[in-house]
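One structure is given below, encoded as structure tokens.
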Amino acid sequence: LDADTLLQSRSGVPAGRRHAALAAFARAVVRERGQVSPLDLQAAREAGLDDQDLLEVVANVAVNILTNYTNLVAGTVVDFPKVERLAHV
């Protein structure tokens, strides 16, 4: 990724309509703890996401939560370079 694309990704700026829909649905899954509303599903489908896309989002959210919790319990030492927090995020 070039520097601009990386900064956009870190800032939560989606790279197009499909990525925006995927990100919005993922935020809804996290915010609602999986109990997304019919409006969330409708918006995702209207943006062109299908059942496979929605399941992939749910699976990725679940895997990220699982690994985060596991690393917290295990006290895993972060061994990759820390990046600076973006001021506007």
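A note on labels: chains of the structure tokens are A, B, ... as shown, every chain counts residues from 1, and ligands are counted from 1 in their shown order.
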Do you know which residues are at most 10 Å from Leu54 (chain A) counting only C-alpha atoms, after dropping those on the same chain fewer than 2 positions away, and could you put them as a PDB file with N, CA and C atoms, in the first residue's frame?
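out-v4.pdb was written with the following content:
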ATOM      1  N   LEU A  22     -19.065  -2.843   3.528  1.00  0.00           N
ATOM      2  CA  LEU A  22     -18.471  -3.873   4.385  1.00  0.00           C
ATOM      3  C   LEU A  22     -18.102  -3.292   5.750  1.00  0.00           C
ATOM      4  N   PHE A  25     -21.262  -2.489   7.826  1.00  0.00           N
ATOM      5  CA  PHE A  25     -21.879  -3.694   8.379  1.00  0.00           C
ATOM      6  C   PHE A  25     -21.044  -4.248   9.528  1.00  0.00           C
ATOM      7  N   ALA A  26     -19.723  -4.232   9.382  1.00  0.00           N
ATOM      8  CA  ALA A  26     -18.848  -4.706  10.463  1.00  0.00           C
ATOM      9  C   ALA A  26     -19.037  -3.855  11.717  1.00  0.00           C
ATOM     10  N   VAL A  29     -22.259  -4.906  13.349  1.00  0.00           N
ATOM     11  CA  VAL A  29     -22.121  -6.201  14.044  1.00  0.00           C
ATOM     12  C   VAL A  29     -21.476  -5.996  15.404  1.00  0.00           C
ATOM     13  N   LEU A  41     -29.174  -4.841   7.636  1.00  0.00           N
ATOM     14  CA  LEU A  41     -29.134  -5.879   6.600  1.00  0.00           C
ATOM     15  C   LEU A  41     -29.598  -5.329   5.257  1.00  0.00           C
ATOM     16  N   ALA A  44     -26.899  -3.176   3.712  1.00  0.00           N
ATOM     17  CA  ALA A  44     -25.812  -4.009   3.200  1.00  0.00           C
ATOM     18  C   ALA A  44     -26.206  -4.658   1.880  1.00  0.00           C
ATOM     19  N   ARG A  45     -27.396  -5.188   1.832  1.00  0.00           N
ATOM     20  CA  ARG A  45     -27.859  -5.846   0.605  1.00  0.00           C
ATOM     21  C   ARG A  45     -28.033  -4.846  -0.538  1.00  0.00           C
ATOM     22  N   LEU A  49     -23.981  -6.409  -1.121  1.00  0.00           N
ATOM     23  CA  LEU A  49     -23.410  -7.504  -0.342  1.00  0.00           C
ATOM     24  C   LEU A  49     -24.373  -8.681  -0.340  1.00  0.00           C
ATOM     25  N   ASP A  50     -23.824  -9.884  -0.479  1.00  0.00           N
ATOM     26  CA  ASP A  50     -24.654 -11.087  -0.453  1.00  0.00           C
ATOM     27  C   ASP A  50     -24.408 -11.863   0.846  1.00  0.00           C
ATOM     28  N   ASP A  51     -25.074 -13.010   0.978  1.00  0.00           N
ATOM     29  CA  ASP A  51     -24.955 -13.807   2.203  1.00  0.00           C
ATOM     30  C   ASP A  51     -23.505 -14.173   2.506  1.00  0.00           C
ATOM     31  N   GLN A  52     -22.746 -14.520   1.479  1.00  0.00           N
ATOM     32  CA  GLN A  52     -21.343 -14.887   1.668  1.00  0.00           C
ATOM     33  C   GLN A  52     -20.557 -13.699   2.238  1.00  0.00           C
ATOM     34  N   GLU A  56     -18.832 -13.561   5.934  1.00  0.00           N
ATOM     35  CA  GLU A  56     -17.401 -13.297   6.032  1.00  0.00           C
ATOM     36  C   GLU A  56     -17.119 -12.148   7.000  1.00  0.00           C
ATOM     37  N   VAL A  57     -17.959 -11.126   6.985  1.00  0.00           N
ATOM     38  CA  VAL A  57     -17.804 -10.019   7.930  1.00  0.00           C
ATOM     39  C   VAL A  57     -17.989 -10.519   9.359  1.00  0.00           C
ATOM     40  N   VAL A  58     -19.062 -11.277   9.601  1.00  0.00           N
ATOM     41  CA  VAL A  58     -19.322 -11.807  10.948  1.00  0.00           C
ATOM     42  C   VAL A  58     -18.161 -12.687  11.405  1.00  0.00           C
ATOM     43  N   ALA A  59     -17.672 -13.536  10.521  1.00  0.00           N
ATOM     44  CA  ALA A  59     -16.555 -14.424  10.879  1.00  0.00           C
ATOM     45  C   ALA A  59     -15.302 -13.622  11.225  1.00  0.00           C
ATOM     46  N   ASN A  60     -15.005 -12.591  10.445  1.00  0.00           N
ATOM     47  CA  ASN A  60     -13.817 -11.779  10.728  1.00  0.00           C
ATOM     48  C   ASN A  60     -13.955 -11.007  12.031  1.00  0.00           C
TER      49      ASN A  60
END
Can you pull out the residues contacting Ala23 (chain A)? Cut-off 9 Å, using only C-alpha atoms, and skip same-chain residues under 5 positions away; I want them as a PDB file with all heavy atoms, in the first residue's frame.
ATOM      1  N   GLY A  12     -10.075   5.110   8.515  1.00  0.00           N
ATOM      2  CA  GLY A  12     -11.419   4.581   8.326  1.00  0.00           C
ATOM      3  C   GLY A  12     -12.100   5.085   7.076  1.00  0.00           C
ATOM      4  O   GLY A  12     -13.320   5.019   6.961  1.00  0.00           O
ATOM      5  N   PRO A  14     -13.109   4.425   3.530  1.00  0.00           N
ATOM      6  CA  PRO A  14     -13.202   3.252   2.652  1.00  0.00           C
ATOM      7  C   PRO A  14     -12.789   3.568   1.217  1.00  0.00           C
ATOM      8  O   PRO A  14     -12.920   4.698   0.755  1.00  0.00           O
ATOM      9  CB  PRO A  14     -14.684   2.872   2.718  1.00  0.00           C
ATOM     10  CG  PRO A  14     -15.386   4.114   3.137  1.00  0.00           C
ATOM     11  CD  PRO A  14     -14.412   4.927   3.935  1.00  0.00           C
ATOM     12  N   ARG A  18     -18.299  -0.513  -2.083  1.00  0.00           N
ATOM     13  CA  ARG A  18     -18.321  -1.868  -1.521  1.00  0.00           C
ATOM     14  C   ARG A  18     -17.587  -1.913  -0.189  1.00  0.00           C
ATOM     15  O   ARG A  18     -18.087  -2.461   0.790  1.00  0.00           O
ATOM     16  CB  ARG A  18     -17.713  -2.867  -2.504  1.00  0.00           C
ATOM     17  CG  ARG A  18     -17.646  -4.281  -1.974  1.00  0.00           C
ATOM     18  CD  ARG A  18     -17.167  -5.250  -3.041  1.00  0.00           C
ATOM     19  NE  ARG A  18     -16.885  -6.545  -2.478  1.00  0.00           N
ATOM     20  CZ  ARG A  18     -17.799  -7.431  -2.076  1.00  0.00           C
ATOM     21  NH1 ARG A  18     -19.082  -7.136  -2.186  1.00  0.00           N
ATOM     22  NH2 ARG A  18     -17.445  -8.591  -1.575  1.00  0.00           N
ATOM     23  N   ALA A  28     -21.724  -2.264  12.563  1.00  0.00           N
ATOM     24  CA  ALA A  28     -23.038  -2.612  13.103  1.00  0.00           C
ATOM     25  C   ALA A  28     -22.977  -3.925  13.882  1.00  0.00           C
ATOM     26  O   ALA A  28     -23.566  -4.040  14.961  1.00  0.00           O
ATOM     27  CB  ALA A  28     -24.073  -2.707  11.980  1.00  0.00           C
ATOM     28  N   VAL A  57     -17.959 -11.126   6.985  1.00  0.00           N
ATOM     29  CA  VAL A  57     -17.804 -10.019   7.930  1.00  0.00           C
ATOM     30  C   VAL A  57     -17.989 -10.519   9.359  1.00  0.00           C
ATOM     31  O   VAL A  57     -17.177 -10.237  10.245  1.00  0.00           O
ATOM     32  CB  VAL A  57     -18.800  -8.874   7.622  1.00  0.00           C
ATOM     33  CG1 VAL A  57     -18.838  -7.870   8.761  1.00  0.00           C
ATOM     34  CG2 VAL A  57     -18.427  -8.179   6.314  1.00  0.00           C
TER      35      VAL A  57
END
- Item | Interatomic distance, CA of Ala24 (chain A) to CA of Thr70 (chain A) (Å, one decimal) |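 CA of Thr70 (chain A) lies 25.5 Å from CA of Ala24 (chain A).
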- Task: Enumerate, as a VMD selection string, the complete set of residues in chain A that a backbone-based DSSP assignment places in alpha helix (DSSP H).
- Result: chain A and resid 3 to 11 17 to 31 38 to 46 51 to 74
- In Å, how far is it from CA of Ala47 (chain A) to CA of Gly16 (chain A)?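 Between these atoms lies a distance of 10.9 Å.
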- Interatomic distance, CA of Gln42 (chain A) to CA of Thr5 (chain A) (Å, one decimal): 28.7 Å
- Could you check which of A:Ala20, A:Val61, A:Val13, A:Ala87 is closest to Ala43 (chain A), using only C-alpha atoms? A:Ala20
